[in-house]
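Text of input_35.csv, listed as CSV, C-alpha atoms and all ligand atoms:
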chain,number,residue,atom,x,y,z
A,1,MET,CA,-12.8,26.9,-0.6
A,2,ALA,CA,-9.3,27.5,-2.0
A,3,MET,CA,-6.6,26.2,0.2
A,4,ARG,CA,-2.8,26.4,0.4
A,5,VAL,CA,-1.6,22.8,0.3
A,6,ALA,CA,1.8,21.4,0.8
A,7,VAL,CA,2.2,18.3,-1.4
A,8,LEU,CA,4.8,16.0,0.2
A,9,MET,CA,6.5,13.8,-2.3
A,10,GLY,CA,9.8,12.0,-3.1
A,11,GLY,CA,11.3,10.9,0.2
A,12,THR,CA,14.1,8.4,0.7
A,13,SER,CA,12.3,5.1,0.2
A,14,ALA,CA,12.8,2.7,-2.6
A,15,GLU,CA,9.7,4.2,-4.1
A,16,ARG,CA,11.0,7.7,-4.4
A,17,GLU,CA,10.7,8.0,-8.2
A,18,VAL,CA,7.1,6.8,-8.2
A,19,SER,CA,6.3,9.2,-5.4
A,20,LEU,CA,7.7,12.1,-7.3
A,21,ARG,CA,5.4,11.3,-10.2
A,22,SER,CA,2.4,10.9,-7.9
A,23,GLY,CA,3.2,14.2,-6.3
A,24,GLN,CA,3.4,16.0,-9.7
A,25,ALA,CA,0.1,14.6,-10.8
A,26,VAL,CA,-1.6,15.5,-7.5
A,27,SER,CA,0.0,19.0,-7.5
A,28,SER,CA,-1.2,19.7,-11.0
A,29,ALA,CA,-4.8,18.5,-10.2
A,30,LEU,CA,-4.8,20.7,-7.0
A,31,ARG,CA,-3.8,23.7,-9.0
A,32,ASP,CA,-6.5,23.1,-11.6
A,33,LEU,CA,-9.0,22.9,-8.7
A,34,GLY,CA,-7.9,26.4,-7.7
A,35,HIS,CA,-5.7,25.5,-4.7
A,36,GLU,CA,-2.3,27.0,-4.1
A,37,VAL,CA,0.4,24.3,-4.0
A,38,VAL,CA,3.8,24.2,-2.3
A,39,GLU,CA,5.7,21.2,-3.5
A,40,VAL,CA,7.9,19.6,-0.8
A,41,ASP,CA,10.5,17.0,-1.6
A,42,VAL,CA,10.9,15.1,1.6
A,43,GLY,CA,14.4,14.8,2.9
A,44,PRO,CA,16.2,14.8,6.3
A,45,ASP,CA,15.3,18.5,6.8
A,46,ILE,CA,11.6,17.8,6.6
A,47,ALA,CA,10.9,18.7,10.3
A,48,LEU,CA,12.5,22.1,9.8
A,49,ARG,CA,10.8,22.6,6.5
A,50,MET,CA,7.3,21.8,7.8
A,51,THR,CA,7.9,24.0,10.9
A,52,GLU,CA,8.6,26.9,8.6
A,53,LEU,CA,5.5,26.2,6.4
A,54,ARG,CA,3.2,25.5,9.3
A,55,GLU,CA,1.7,29.0,9.7
A,56,THR,CA,1.1,29.5,5.9
A,57,ILE,CA,-0.5,26.2,4.8
A,58,ASP,CA,-3.9,24.8,5.5
A,59,ALA,CA,-3.1,21.1,4.9
A,60,ALA,CA,-0.5,18.6,3.8
A,61,PHE,CA,-1.4,16.2,1.0
A,62,LEU,CA,0.8,13.1,1.3
A,63,ALA,CA,2.0,11.6,-1.9
A,64,LEU,CA,4.8,9.5,-0.3
A,65,HIS,CA,5.1,5.8,-0.8
A,66,GLY,CA,6.9,3.3,1.4
A,67,ARG,CA,9.0,3.9,4.4
A,68,MET,CA,9.3,7.3,6.0
A,69,GLY,CA,6.1,8.5,4.4
A,70,GLU,CA,3.5,5.8,4.1
A,71,ASP,CA,4.4,4.2,7.4
A,72,GLY,CA,3.2,6.7,10.1
A,73,THR,CA,6.5,8.6,10.6
A,74,ILE,CA,5.6,11.7,8.6
A,75,GLN,CA,2.0,11.4,10.0
A,76,GLY,CA,3.6,11.6,13.5
A,77,LEU,CA,5.6,14.7,12.6
A,78,LEU,CA,2.5,16.4,11.2
A,79,GLU,CA,0.5,15.5,14.3
A,80,ILE,CA,3.2,17.2,16.5
A,81,LEU,CA,3.1,20.3,14.3
A,82,ALA,CA,-0.7,20.2,14.2
A,83,ILE,CA,-0.8,20.3,10.4
A,84,PRO,CA,-3.9,18.6,9.0
A,85,TYR,CA,-2.9,15.8,6.6
A,86,THR,CA,-4.7,13.5,4.2
A,87,GLY,CA,-5.4,9.8,4.5
A,88,SER,CA,-4.6,7.4,7.3
A,89,GLY,CA,-3.3,8.4,10.7
A,90,VAL,CA,-0.1,7.3,12.5
A,91,MET,CA,-1.2,3.9,13.8
A,92,ALA,CA,-3.2,2.8,10.7
A,93,SER,CA,-0.3,3.8,8.5
A,94,ALA,CA,2.3,1.9,10.6
A,95,LEU,CA,0.0,-1.2,10.8
A,96,ALA,CA,-0.8,-1.3,7.1
A,97,MET,CA,2.9,-1.0,6.3
A,98,ASN,CA,3.6,-4.1,8.4
A,99,LYS,CA,2.3,-7.1,6.4
A,100,HIS,CA,2.8,-9.6,9.2
A,101,LEU,CA,0.8,-7.6,11.8
A,102,SER,CA,-1.9,-6.6,9.2
A,103,LYS,CA,-2.4,-10.3,8.5
A,104,GLN,CA,-2.9,-11.0,12.1
A,105,VAL,CA,-5.7,-8.4,12.2
A,106,PHE,CA,-7.2,-9.7,9.0
A,107,ARG,CA,-7.3,-13.2,10.5
A,108,ALA,CA,-9.0,-12.0,13.6
A,109,ARG,CA,-11.7,-10.4,11.3
A,110,ASP,CA,-12.1,-13.5,9.1
A,111,ILE,CA,-10.6,-11.7,6.1
A,112,PRO,CA,-8.9,-14.6,4.2
A,113,VAL,CA,-5.1,-14.4,3.8
A,114,ALA,CA,-2.5,-16.7,2.3
A,115,GLU,CA,-0.9,-19.2,4.8
A,116,ASP,CA,2.5,-17.9,5.7
A,117,GLU,CA,5.5,-18.1,8.0
A,118,ALA,CA,7.4,-15.0,9.3
A,119,VAL,CA,11.2,-15.4,9.3
A,120,GLY,CA,13.5,-13.1,11.2
A,121,ALA,CA,17.1,-12.3,10.5
A,122,ALA,CA,18.0,-13.7,14.0
A,123,ARG,CA,16.5,-17.1,13.2
A,124,VAL,CA,18.5,-17.3,9.9
A,125,ALA,CA,21.7,-16.3,11.7
A,126,GLU,CA,21.1,-18.9,14.4
A,127,ARG,CA,19.9,-21.9,12.5
A,128,GLY,CA,21.5,-21.2,9.1
A,129,LEU,CA,19.9,-20.3,5.8
A,130,GLY,CA,19.6,-23.9,4.6
A,131,LYS,CA,17.9,-25.2,7.7
A,132,VAL,CA,15.4,-22.4,7.8
A,133,ALA,CA,14.6,-22.8,4.1
A,134,GLU,CA,14.0,-26.5,4.7
A,135,GLU,CA,11.7,-25.9,7.7
A,136,VAL,CA,9.6,-23.3,5.9
A,137,SER,CA,9.3,-25.3,2.7
A,138,ALA,CA,8.3,-28.4,4.6
A,139,ARG,CA,5.3,-26.5,5.8
A,140,LEU,CA,4.4,-24.3,2.9
A,141,GLY,CA,5.6,-26.3,-0.1
A,142,PHE,CA,6.6,-24.8,-3.5
A,143,PRO,CA,6.2,-22.5,-5.2
A,144,CYS,CA,6.1,-19.9,-2.4
A,145,MET,CA,6.4,-16.1,-2.3
A,146,VAL,CA,9.1,-14.4,-0.2
A,147,LYS,CA,8.8,-10.7,0.6
A,148,PRO,CA,10.2,-8.3,3.1
A,149,ASN,CA,7.7,-7.5,5.8
A,150,CYS,CA,7.8,-3.7,5.4
A,151,GLU,CA,8.7,-2.8,1.9
A,152,GLY,CA,6.4,-1.8,-0.9
A,153,SER,CA,6.1,-1.9,-4.7
A,154,THR,CA,7.4,-5.5,-4.8
A,155,VAL,CA,10.9,-4.4,-3.9
A,156,GLY,CA,12.8,-7.5,-2.7
A,157,ALA,CA,9.8,-9.8,-3.3
A,158,ARG,CA,10.4,-13.1,-5.2
A,159,ARG,CA,8.8,-16.3,-6.1
A,160,ALA,CA,10.7,-19.5,-5.2
A,161,ARG,CA,10.2,-22.8,-6.9
A,162,ASN,CA,12.8,-24.9,-5.1
A,163,ILE,CA,15.1,-24.9,-2.1
A,164,ALA,CA,17.9,-23.1,-3.9
A,165,GLU,CA,15.6,-20.3,-5.0
A,166,LEU,CA,14.1,-20.1,-1.6
A,167,GLU,CA,17.5,-19.6,0.0
A,168,GLU,CA,18.3,-16.9,-2.5
A,169,ALA,CA,15.0,-15.2,-2.0
A,170,ILE,CA,15.3,-15.2,1.8
A,171,GLU,CA,18.8,-13.7,1.5
A,172,GLU,CA,17.5,-11.0,-0.9
A,173,ALA,CA,14.5,-10.1,1.2
A,174,LEU,CA,16.7,-9.8,4.3
A,175,ARG,CA,18.6,-7.0,2.6
A,176,TYR,CA,15.5,-4.9,2.9
A,177,ASP,CA,14.1,-5.9,6.3
A,178,ASP,CA,15.0,-7.9,9.4
A,179,LEU,CA,11.7,-9.7,9.0
A,180,LEU,CA,10.3,-11.4,5.9
A,181,LEU,CA,7.2,-13.3,5.1
A,182,VAL,CA,7.2,-16.6,3.2
A,183,GLU,CA,3.7,-17.2,1.8
A,184,ARG,CA,2.0,-20.0,0.0
A,185,PHE,CA,2.0,-19.0,-3.6
A,186,ILE,CA,-1.5,-18.3,-4.9
A,187,GLU,CA,-1.7,-19.4,-8.5
A,188,GLY,CA,-4.4,-17.4,-10.2
A,189,ARG,CA,-5.4,-13.8,-10.8
A,190,GLU,CA,-4.6,-10.6,-9.2
A,191,VAL,CA,-7.2,-7.9,-8.4
A,192,THR,CA,-7.2,-4.7,-6.4
A,193,VAL,CA,-9.9,-2.4,-4.9
A,194,GLY,CA,-9.6,1.3,-4.2
A,195,LEU,CA,-11.4,3.2,-1.5
A,196,VAL,CA,-11.6,7.0,-1.7
A,197,GLY,CA,-13.0,9.6,0.7
A,198,GLY,CA,-14.1,9.9,4.4
A,199,GLU,CA,-17.1,7.7,4.1
A,200,PRO,CA,-15.2,5.8,1.5
A,201,VAL,CA,-16.5,5.2,-2.0
A,202,VAL,CA,-15.5,1.6,-2.8
A,203,LEU,CA,-14.3,1.6,-6.4
A,204,PRO,CA,-15.0,-1.2,-8.9
A,205,VAL,CA,-12.7,-4.2,-8.8
A,206,LEU,CA,-9.7,-3.9,-11.1
A,207,GLU,CA,-7.8,-6.9,-12.5
A,208,VAL,CA,-4.1,-6.7,-13.1
A,209,VAL,CA,-2.7,-8.8,-15.8
A,210,ALA,CA,1.1,-8.7,-15.8
A,211,SER,CA,2.9,-9.8,-19.0
A,212,LYS,CA,5.6,-11.5,-16.9
A,213,GLY,CA,3.4,-13.5,-14.5
A,214,VAL,CA,4.5,-11.7,-11.4
A,215,TYR,CA,3.5,-8.0,-11.1
A,216,ASP,CA,6.9,-6.8,-10.1
A,217,TYR,CA,8.5,-3.3,-10.0
A,218,GLU,CA,9.2,-3.2,-13.7
A,219,CYS,CA,5.7,-4.3,-14.7
A,220,LYS,CA,4.2,-1.8,-12.3
A,221,TYR,CA,5.9,1.2,-13.7
A,222,THR,CA,6.5,0.5,-17.4
A,223,GLN,CA,3.8,1.5,-19.7
A,224,GLY,CA,2.4,-1.4,-21.7
A,225,MET,CA,3.9,-4.2,-19.6
A,226,THR,CA,0.7,-4.7,-17.7
A,227,GLU,CA,-2.9,-4.8,-18.8
A,228,TYR,CA,-5.6,-3.5,-16.5
A,229,ILE,CA,-9.2,-4.6,-16.8
A,230,VAL,CA,-11.9,-2.6,-14.9
A,231,PRO,CA,-14.4,-3.7,-13.9
A,232,ALA,CA,-12.7,-7.0,-13.6
A,233,PRO,CA,-14.3,-9.8,-15.6
A,234,ILE,CA,-15.5,-11.8,-12.6
A,235,PRO,CA,-18.9,-12.8,-11.4
A,236,ASP,CA,-20.9,-10.0,-9.8
A,237,GLU,CA,-21.2,-11.9,-6.6
A,238,LEU,CA,-17.4,-12.2,-6.3
A,239,ALA,CA,-16.9,-8.6,-7.1
A,240,GLU,CA,-19.3,-7.6,-4.4
A,241,ARG,CA,-17.5,-9.9,-1.9
A,242,LEU,CA,-14.2,-8.4,-2.8
A,243,ARG,CA,-15.5,-4.9,-2.3
A,244,ARG,CA,-17.0,-5.9,1.1
A,245,LEU,CA,-13.7,-7.5,2.1
A,246,SER,CA,-11.8,-4.3,1.0
A,247,LEU,CA,-14.0,-2.1,3.2
A,248,GLU,CA,-13.5,-4.6,6.1
A,249,ALA,CA,-9.7,-4.6,5.6
A,250,HIS,CA,-9.6,-0.8,5.4
A,251,SER,CA,-11.7,-0.5,8.5
A,252,ALA,CA,-10.0,-3.2,10.5
A,253,LEU,CA,-6.7,-1.4,10.2
A,254,CYS,CA,-8.4,1.9,11.0
A,255,CYS,CA,-7.5,3.4,7.6
A,256,GLU,CA,-9.0,6.7,6.4
A,257,GLY,CA,-9.5,8.7,3.3
A,258,LEU,CA,-7.6,6.6,0.7
A,259,SER,CA,-6.6,2.9,0.4
A,260,ARG,CA,-6.0,0.3,-2.2
A,261,VAL,CA,-6.5,-3.3,-1.1
A,262,ASP,CA,-4.6,-6.0,-3.1
A,263,PHE,CA,-5.9,-9.6,-3.5
A,264,MET,CA,-4.9,-12.8,-5.2
A,265,LEU,CA,-7.7,-15.0,-6.5
A,266,ASP,CA,-6.9,-18.7,-6.7
A,267,GLU,CA,-8.1,-21.0,-9.5
A,268,GLU,CA,-11.4,-21.6,-7.7
A,269,GLY,CA,-11.9,-17.8,-7.4
A,270,ARG,CA,-11.2,-17.8,-3.6
A,271,PRO,CA,-9.8,-14.4,-2.5
A,272,TYR,CA,-6.7,-13.9,-0.4
A,273,CYS,CA,-6.0,-10.4,0.9
A,274,LEU,CA,-2.4,-9.4,0.4
A,275,GLU,CA,-2.2,-6.0,1.9
A,276,VAL,CA,-3.7,-2.5,2.3
A,277,ASN,CA,-1.7,0.4,0.6
A,278,THR,CA,-2.5,3.6,2.5
A,279,ILE,CA,-0.8,5.9,-0.1
A,280,PRO,CA,-1.3,4.1,-3.3
A,281,GLY,CA,0.2,5.5,-6.5
A,282,MET,CA,-1.5,8.5,-8.1
A,283,THR,CA,0.4,8.7,-11.4
A,284,SER,CA,-1.2,8.4,-14.8
A,285,LEU,CA,-0.4,4.7,-14.8
A,286,SER,CA,-1.7,4.1,-11.4
A,287,LEU,CA,-4.7,1.9,-10.5
A,288,ILE,CA,-6.8,4.2,-8.3
A,289,PRO,CA,-7.3,6.8,-11.1
A,290,LYS,CA,-8.2,4.0,-13.6
A,291,ALA,CA,-10.7,2.4,-11.2
A,292,ALA,CA,-12.1,5.8,-10.3
A,293,ALA,CA,-12.7,6.6,-14.0
A,294,ALA,CA,-14.7,3.4,-14.4
A,295,ALA,CA,-16.9,4.6,-11.5
A,296,GLY,CA,-17.3,8.0,-13.2
A,297,LEU,CA,-15.0,9.8,-10.9
A,298,SER,CA,-12.3,12.0,-12.5
A,299,PHE,CA,-8.8,12.2,-11.2
A,300,HIS,CA,-9.5,15.8,-10.0
A,301,ARG,CA,-12.6,14.6,-8.1
A,302,VAL,CA,-10.5,11.9,-6.4
A,303,VAL,CA,-7.8,14.4,-5.4
A,304,GLU,CA,-10.5,16.7,-4.0
A,305,MET,CA,-12.2,13.9,-2.0
A,306,VAL,CA,-8.8,12.9,-0.5
A,307,LEU,CA,-8.0,16.5,0.3
A,308,GLU,CA,-11.3,16.7,2.2
A,309,THR,CA,-10.0,14.0,4.5
A,310,ALA,CA,-7.1,16.3,5.7
A,311,ARG,CA,-7.2,16.6,9.5
A,312,LEU,CA,-5.3,15.6,12.6
A,313,LYS,CA,-6.1,12.0,13.5
A,314,ILE,CA,-4.9,11.9,17.1
A,315,ASN,CA,-7.3,13.4,19.7
A,316,ARG,CA,-5.6,16.1,21.6
A,317,GLU,CA,-7.9,15.7,24.5
A,318,GLY,CA,-6.6,12.2,25.1
A,319,GLY,CA,-7.5,9.0,23.5
A,320,CYS,CA,-7.1,8.0,19.9
A,321,ARG,CA,-9.7,8.8,17.3
A,322,GLU,CA,-8.3,6.1,15.1
A,323,VAL,CA,-9.4,3.1,17.1
A,324,GLY,CA,-12.9,2.2,15.8
B,401,LIG,N1,1.1,-15.2,-1.8
B,401,LIG,C1,1.2,-14.8,-3.1
B,401,LIG,N2,1.0,-15.6,-4.1
B,401,LIG,C2,1.2,-15.2,-5.4
B,401,LIG,N3,1.6,-13.9,-5.7
B,401,LIG,C3,1.9,-13.1,-4.7
B,401,LIG,C4,1.7,-13.4,-3.4
B,401,LIG,N4,2.1,-12.4,-2.6
B,401,LIG,C5,2.4,-11.4,-3.4
B,401,LIG,N5,2.3,-11.8,-4.7
B,401,LIG,C6,2.7,-11.0,-5.9
B,401,LIG,O1,3.6,-10.0,-5.5
B,401,LIG,C7,3.2,-8.7,-5.7
B,401,LIG,C8,3.6,-7.9,-4.5
B,401,LIG,O2,3.1,-8.4,-3.3
B,401,LIG,P1,2.4,-7.5,-2.1
B,401,LIG,O3,2.1,-8.4,-1.0
B,401,LIG,O4,1.2,-6.7,-2.7
B,401,LIG,O5,3.6,-6.5,-1.7
B,401,LIG,P2,4.0,-5.0,-2.2
B,401,LIG,O6,3.0,-4.5,-3.2
B,401,LIG,O7,4.0,-4.2,-0.9
B,401,LIG,O8,5.4,-5.2,-2.7
B,401,LIG,C9,1.7,-8.8,-5.8
B,401,LIG,O9,1.2,-7.7,-6.5
B,401,LIG,C10,1.5,-10.2,-6.5
B,401,LIG,O10,1.7,-10.0,-7.9
B,402,MG,MG,0.9,-4.7,-3.3
Represent the structure from my file as structure tokens, please.
Ligand SMILES: Nc1ncnc2c1ncn2[C@@H]1O[C@H](COP(=O)(O)OP(=O)(O)O)[C@@H](O)[C@H]1O
Ligand SMILES: [Mg+2]
Amino acid sequence: MAMRVAVLMGGTSAEREVSLRSGQAVSSALRDLGHEVVEVDVGPDIALRMTELRETIDAAFLALHGRMGEDGTIQGLLEILAIPYTGSGVMASALAMNKHLSKQVFRARDIPVAEDEAVGAARVAERGLGKVAEEVSARLGFPCMVKPNCEGSTVGARRARNIAELEEAIEEALRYDDLLLVERFIEGREVTVGLVGGEPVVLPVLEVVASKGVYDYECKYTQGMTEYIVPAPIPDELAERLRRLSLEAHSALCCEGLSRVDFMLDEEGRPYCLEVNTIPGMTSLSLIPKAAAAAGLSFHRVVEMVLETARLKINREGGCREVG
């Protein structure tokens, strides 16, 4: 059935540019599929804009990444306006955006994660940067990974090999968020698993090989700087385990419709779940389309499957449909 779909893209997060590209790719696929598309660049007037569009659209397709888009805020607005939207609901989106809280849920479900320490801006202000860096490194050792709790696309994330680098990395991460995570650095390989659709199809494991060692913003969005191998050249048993863990992580956070679960594998092949992305990139360079292709799913089919998940996620009769 042909629908009139608002594709929400852009926004004000650090990932605005990527989101615009995801939005363009999704819009073009939706048009090919026979749907009518209204492209919406999300700005401070979004509540007004969606109120105007409300009567004339059937659904909103979310192609926003990062804060004010992937984090439950836009989802909340669409719930209030009763506009069906794709993917995860308010709570799942907010939870997945928060790495610290996600990891607590993962631990409770026996999904392996890297050992870490959360560091707040208040603690740094109180005890001093040097003291905090000392305390954290005494526990986690070097190298370690420092990242803002609620940012995406590796913005503000850094590897630290000594106290000086750790202090610098903590300062840098605090520019993005009042809470940061210092994690034990997992030396090894990086893989990711996509999930698409209501009863999600778990895509083949994809390995990311960054030319610079850390898969940072530049590697992620520059053609040729990263190699992608799908299916990942790992034993079948491990691939199956990773796909099972991905479905577990997606379900544990009550995600819906579309997710990409990132892992590190250490040198012994032990997996550590890094995070669940609830609105992963959908550009031509993105990982979901590549993994889907390996499973025989075209980009158009992926977009259609995600569109089919458009609905309100909060039960108006009371209670919350999300909590499973
Ligand atoms: N504990 C870790 N050990 C080694 N590398 C890591 C670790 N955590 C993150 N990374 C690297 O940093 C990248 C970004 O981390 P991630 O937690 O996925 O945050 P985001 O993608 O939201 O920026 C990962 O893709 C990986 O390359
Ligand atoms: Mg990531």
Kindly compile the residues surrounding ligand MG 402 (chain B) within 12 Å, counting only C-alpha atoms and all ligand atoms, and format them as a PDB file with C-alpha atoms, in the coordinates of the input.
ATOM      1  CA  HIS A  65       5.100   5.800  -0.800  1.00  0.00           C
ATOM      2  CA  GLY A  66       6.900   3.300   1.400  1.00  0.00           C
ATOM      3  CA  ALA A  96      -0.800  -1.300   7.100  1.00  0.00           C
ATOM      4  CA  MET A  97       2.900  -1.000   6.300  1.00  0.00           C
ATOM      5  CA  LYS A  99       2.300  -7.100   6.400  1.00  0.00           C
ATOM      6  CA  LYS A 147       8.800 -10.700   0.600  1.00  0.00           C
ATOM      7  CA  PRO A 148      10.200  -8.300   3.100  1.00  0.00           C
ATOM      8  CA  ASN A 149       7.700  -7.500   5.800  1.00  0.00           C
ATOM      9  CA  CYS A 150       7.800  -3.700   5.400  1.00  0.00           C
ATOM     10  CA  GLU A 151       8.700  -2.800   1.900  1.00  0.00           C
ATOM     11  CA  GLY A 152       6.400  -1.800  -0.900  1.00  0.00           C
ATOM     12  CA  SER A 153       6.100  -1.900  -4.700  1.00  0.00           C
ATOM     13  CA  THR A 154       7.400  -5.500  -4.800  1.00  0.00           C
ATOM     14  CA  VAL A 155      10.900  -4.400  -3.900  1.00  0.00           C
ATOM     15  CA  ALA A 157       9.800  -9.800  -3.300  1.00  0.00           C
ATOM     16  CA  GLU A 190      -4.600 -10.600  -9.200  1.00  0.00           C
ATOM     17  CA  VAL A 191      -7.200  -7.900  -8.400  1.00  0.00           C
ATOM     18  CA  THR A 192      -7.200  -4.700  -6.400  1.00  0.00           C
ATOM     19  CA  VAL A 193      -9.900  -2.400  -4.900  1.00  0.00           C
ATOM     20  CA  VAL A 208      -4.100  -6.700 -13.100  1.00  0.00           C
ATOM     21  CA  VAL A 214       4.500 -11.700 -11.400  1.00  0.00           C
ATOM     22  CA  TYR A 215       3.500  -8.000 -11.100  1.00  0.00           C
ATOM     23  CA  ASP A 216       6.900  -6.800 -10.100  1.00  0.00           C
ATOM     24  CA  TYR A 217       8.500  -3.300 -10.000  1.00  0.00           C
ATOM     25  CA  LYS A 220       4.200  -1.800 -12.300  1.00  0.00           C
ATOM     26  CA  SER A 259      -6.600   2.900   0.400  1.00  0.00           C
ATOM     27  CA  ARG A 260      -6.000   0.300  -2.200  1.00  0.00           C
ATOM     28  CA  VAL A 261      -6.500  -3.300  -1.100  1.00  0.00           C
ATOM     29  CA  ASP A 262      -4.600  -6.000  -3.100  1.00  0.00           C
ATOM     30  CA  PHE A 263      -5.900  -9.600  -3.500  1.00  0.00           C
ATOM     31  CA  MET A 264      -4.900 -12.800  -5.200  1.00  0.00           C
ATOM     32  CA  CYS A 273      -6.000 -10.400   0.900  1.00  0.00           C
ATOM     33  CA  LEU A 274      -2.400  -9.400   0.400  1.00  0.00           C
ATOM     34  CA  GLU A 275      -2.200  -6.000   1.900  1.00  0.00           C
ATOM     35  CA  VAL A 276      -3.700  -2.500   2.300  1.00  0.00           C
ATOM     36  CA  ASN A 277      -1.700   0.400   0.600  1.00  0.00           C
ATOM     37  CA  THR A 278      -2.500   3.600   2.500  1.00  0.00           C
ATOM     38  CA  ILE A 279      -0.800   5.900  -0.100  1.00  0.00           C
ATOM     39  CA  PRO A 280      -1.300   4.100  -3.300  1.00  0.00           C
ATOM     40  CA  GLY A 281       0.200   5.500  -6.500  1.00  0.00           C
ATOM     41  CA  LEU A 287      -4.700   1.900 -10.500  1.00  0.00           C
TER      42      LEU A 287
END
Residue with smallest distance to ligand LIG 401 (chain B) - pool A:Val42, A:Val113, A:Met225, A:Leu53, counting only C-alpha atoms and all ligand atoms: A:Val113
All file atoms of ligand LIG 401 (chain B) boxed axis-aligned, 4 Å per side, centre plus edges, as lines of an AutoDock Vina configuration file:
center_x = 3.2
center_y = -9.9
center_z = -4.4
size_x = 12.4
size_y = 19.4
size_z = 15.0
Nearest to ligand LIG 401 (chain B) among A:Leu174, A:Val196, A:Val201, A:Val209, with distances taken over all atoms listed in the file: which residue is it?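 The answer is A:Val209, which sits nearest to ligand LIG 401 (chain B).
Taking atom CA of A:Gly198 and atom CA of A:Val26 as the two end points, the separation is 18.1 Å.
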Is it possible to get the residues within 10 Å of (-5.4, 13.6, -3.3) (coordinates as in the file, counting all atoms listed in the file) written as a ChimeraX atom specification? /A:7,22-23,25-27,29-30,60-63,86-87,196-197,257-258,279,282,299-310
Dump of C-alpha atoms for the selected residues, as a JSON list (two decimals), in the coordinates of the input:
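This is the output file selection-v6.json:
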[["chain", "number", "residue", "atom", "x", "y", "z"],
["A", 7, "VAL", "CA", 2.20, 18.30, -1.40],
["A", 22, "SER", "CA", 2.40, 10.90, -7.90],
["A", 23, "GLY", "CA", 3.20, 14.20, -6.30],
["A", 25, "ALA", "CA", 0.10, 14.60, -10.80],
["A", 26, "VAL", "CA", -1.60, 15.50, -7.50],
["A", 27, "SER", "CA", 0.00, 19.00, -7.50],
["A", 29, "ALA", "CA", -4.80, 18.50, -10.20],
["A", 30, "LEU", "CA", -4.80, 20.70, -7.00],
["A", 60, "ALA", "CA", -0.50, 18.60, 3.80],
["A", 61, "PHE", "CA", -1.40, 16.20, 1.00],
["A", 62, "LEU", "CA", 0.80, 13.10, 1.30],
["A", 63, "ALA", "CA", 2.00, 11.60, -1.90],
["A", 86, "THR", "CA", -4.70, 13.50, 4.20],
["A", 87, "GLY", "CA", -5.40, 9.80, 4.50],
["A", 196, "VAL", "CA", -11.60, 7.00, -1.70],
["A", 197, "GLY", "CA", -13.00, 9.60, 0.70],
["A", 257, "GLY", "CA", -9.50, 8.70, 3.30],
["A", 258, "LEU", "CA", -7.60, 6.60, 0.70],
["A", 279, "ILE", "CA", -0.80, 5.90, -0.10],
["A", 282, "MET", "CA", -1.50, 8.50, -8.10],
["A", 299, "PHE", "CA", -8.80, 12.20, -11.20],
["A", 300, "HIS", "CA", -9.50, 15.80, -10.00],
["A", 301, "ARG", "CA", -12.60, 14.60, -8.10],
["A", 302, "VAL", "CA", -10.50, 11.90, -6.40],
["A", 303, "VAL", "CA", -7.80, 14.40, -5.40],
["A", 304, "GLU", "CA", -10.50, 16.70, -4.00],
["A", 305, "MET", "CA", -12.20, 13.90, -2.00],
["A", 306, "VAL", "CA", -8.80, 12.90, -0.50],
["A", 307, "LEU", "CA", -8.00, 16.50, 0.30],
["A", 308, "GLU", "CA", -11.30, 16.70, 2.20],
["A", 309, "THR", "CA", -10.00, 14.00, 4.50],
["A", 310, "ALA", "CA", -7.10, 16.30, 5.70]]
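Residue nearest ligand LIG 401 (chain B) within the list A:Val37, A:Ala122, A:Ala59, A:Ala173: A:Ala173 [criterion: smallest interatomic distance, only C-alpha atoms and all ligand atoms].
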Return the single residue from A:Ile186, A:Val5, A:Glu39, A:Met50 that is closest to A:Glu267, with distances computed using all atoms listed in the file.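 Among the listed residues, A:Ile186 lies closest to A:Glu267.
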Closest to A:Leu181 among A:Ser211, A:Ser251, A:Thr226, A:Asn98, using all atoms listed in the file?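 Closest to A:Leu181 of all the choices is A:Asn98.
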What does the distance from atom CA of A:Ala114 to atom CA of A:Val146 come to in Å, to one decimal?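 Taking atom CA of A:Ala114 and atom CA of A:Val146, their separation equals 12.1 Å.
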